[in-house]
Amino acid sequence: MAIVRMEPVNVRVRTDWFNGTPREVTWNSVRLPVTRLSAVRREDSAYRVDVGPRTIFEVETPGARLALSFQHRSRRWTVDGVDDEVGRC
């Protein structure tokens, strides 16, 4: 299954101290540990001027795969997509 794009939702993300990769996502009151980093896409040169550069992380958590976006200018984390079919076979 593919990640379904959605309206961005603000979340809180704890990152690794040394390399900045996500380790835990807090969405409302739900804490989701990141079990695997699937992909990283850095949009350093292709971005809208008013938004600024961003980095997109595709991560796996228990029960869902998330597309996390970090906007460098505003220093804001959002969830841009969800695939809840991970781990179901």
# chains A, B, ... in the order shown; residues from 1 in each chain; ligands from 1

call {"tool": "residues_around", "arguments": {"residues": "Thr21 in chain A", "least_positions_apart": "6", "cutoff": "10 Å", "atoms": "only C-alpha atoms", "output": "list in words"}}
result
Val13, Arg14, Thr15, Val34, Leu37, Val40, Phe57 and Val59 of chain A

call {"tool": "write_last_selection", "arguments": {"atoms": "N, CA, C and O atoms", "output": "PDB file, in the first residue's frame"}}
result
ATOM      1  N   VAL A  13       7.861  15.825  17.785  1.00  0.00           N
ATOM      2  CA  VAL A  13       8.782  14.757  17.403  1.00  0.00           C
ATOM      3  C   VAL A  13      10.052  14.873  18.235  1.00  0.00           C
ATOM      4  O   VAL A  13      10.630  15.944  18.348  1.00  0.00           O
ATOM      5  N   ARG A  14      10.454  13.745  18.822  1.00  0.00           N
ATOM      6  CA  ARG A  14      11.750  13.675  19.512  1.00  0.00           C
ATOM      7  C   ARG A  14      12.736  13.083  18.514  1.00  0.00           C
ATOM      8  O   ARG A  14      12.443  12.085  17.866  1.00  0.00           O
ATOM      9  N   THR A  15      13.904  13.717  18.414  1.00  0.00           N
ATOM     10  CA  THR A  15      14.884  13.292  17.423  1.00  0.00           C
ATOM     11  C   THR A  15      16.163  12.803  18.080  1.00  0.00           C
ATOM     12  O   THR A  15      16.417  13.067  19.259  1.00  0.00           O
ATOM     13  N   VAL A  34       9.378   5.340  16.927  1.00  0.00           N
ATOM     14  CA  VAL A  34       9.783   5.061  15.555  1.00  0.00           C
ATOM     15  C   VAL A  34      10.616   3.792  15.556  1.00  0.00           C
ATOM     16  O   VAL A  34      11.633   3.705  16.240  1.00  0.00           O
ATOM     17  N   LEU A  37      13.394   3.859   9.993  1.00  0.00           N
ATOM     18  CA  LEU A  37      13.434   4.994   9.083  1.00  0.00           C
ATOM     19  C   LEU A  37      13.492   4.427   7.672  1.00  0.00           C
ATOM     20  O   LEU A  37      14.473   3.790   7.293  1.00  0.00           O
ATOM     21  N   VAL A  40      14.425   9.231   3.410  1.00  0.00           N
ATOM     22  CA  VAL A  40      14.627  10.640   3.732  1.00  0.00           C
ATOM     23  C   VAL A  40      14.701  11.401   2.410  1.00  0.00           C
ATOM     24  O   VAL A  40      15.435  10.999   1.507  1.00  0.00           O
ATOM     25  N   PHE A  57      10.624  12.689   6.141  1.00  0.00           N
ATOM     26  CA  PHE A  57      11.054  11.393   6.651  1.00  0.00           C
ATOM     27  C   PHE A  57       9.885  10.428   6.545  1.00  0.00           C
ATOM     28  O   PHE A  57       8.792  10.739   7.010  1.00  0.00           O
ATOM     29  N   VAL A  59       8.735   7.128   8.115  1.00  0.00           N
ATOM     30  CA  VAL A  59       9.099   6.309   9.270  1.00  0.00           C
ATOM     31  C   VAL A  59       8.017   5.274   9.526  1.00  0.00           C
ATOM     32  O   VAL A  59       6.857   5.449   9.154  1.00  0.00           O
TER      33      VAL A  59
END

call {"tool": "residues_around", "arguments": {"residues": "Val9 in chain A", "least_positions_apart": "4", "cutoff": "7 Å", "atoms": "only C-alpha atoms", "output": "list in words"}}
result
Thr78, Val79 and Asp80 of chain A

call {"tool": "select_by_dssp", "arguments": {"residues": "chain A", "states": "strand (DSSP E)", "output": "number ranges by chain"}}
result
A: 4-10, 12-15, 22-27, 30-33, 36-43, 54-61, 64-71, 76-83

call {"tool": "closest_residue", "arguments": {"among": "A:Gln71, A:Ser45, A:Ser38, A:Asn10", "to": "Glu58 in chain A", "atoms": "only C-alpha atoms"}}
result
A:Ser38

call {"tool": "atom_distance", "arguments": {"atom1": "CA of Thr55 in chain A", "atom2": "CA of Glu43 in chain A"}}
result
5.8 Å

call {"tool": "closest_residue", "arguments": {"among": "A:Asp44, A:Asn19, A:Val82, A:Arg36", "to": "Ala64 in chain A", "atoms": "only C-alpha atoms"}}
result
A:Val82

call {"tool": "closest_residue", "arguments": {"among": "A:Arg76, A:Gly81, A:Thr35, A:Arg41", "to": "Thr61 in chain A", "atoms": "only C-alpha atoms"}}
result
A:Thr35

call {"tool": "residues_around", "arguments": {"residues": "Leu32 in chain A", "least_positions_apart": "6", "cutoff": "12 Å", "atoms": "only C-alpha atoms", "output": "number ranges by chain"}}
result
A: 11-14, 22-26, 59-66

call {"tool": "closest_residue", "arguments": {"among": "A:Asp50, A:Ile56, A:Trp27, A:Phe18", "to": "Arg73 in chain A", "atoms": "only C-alpha atoms"}}
result
A:Asp50
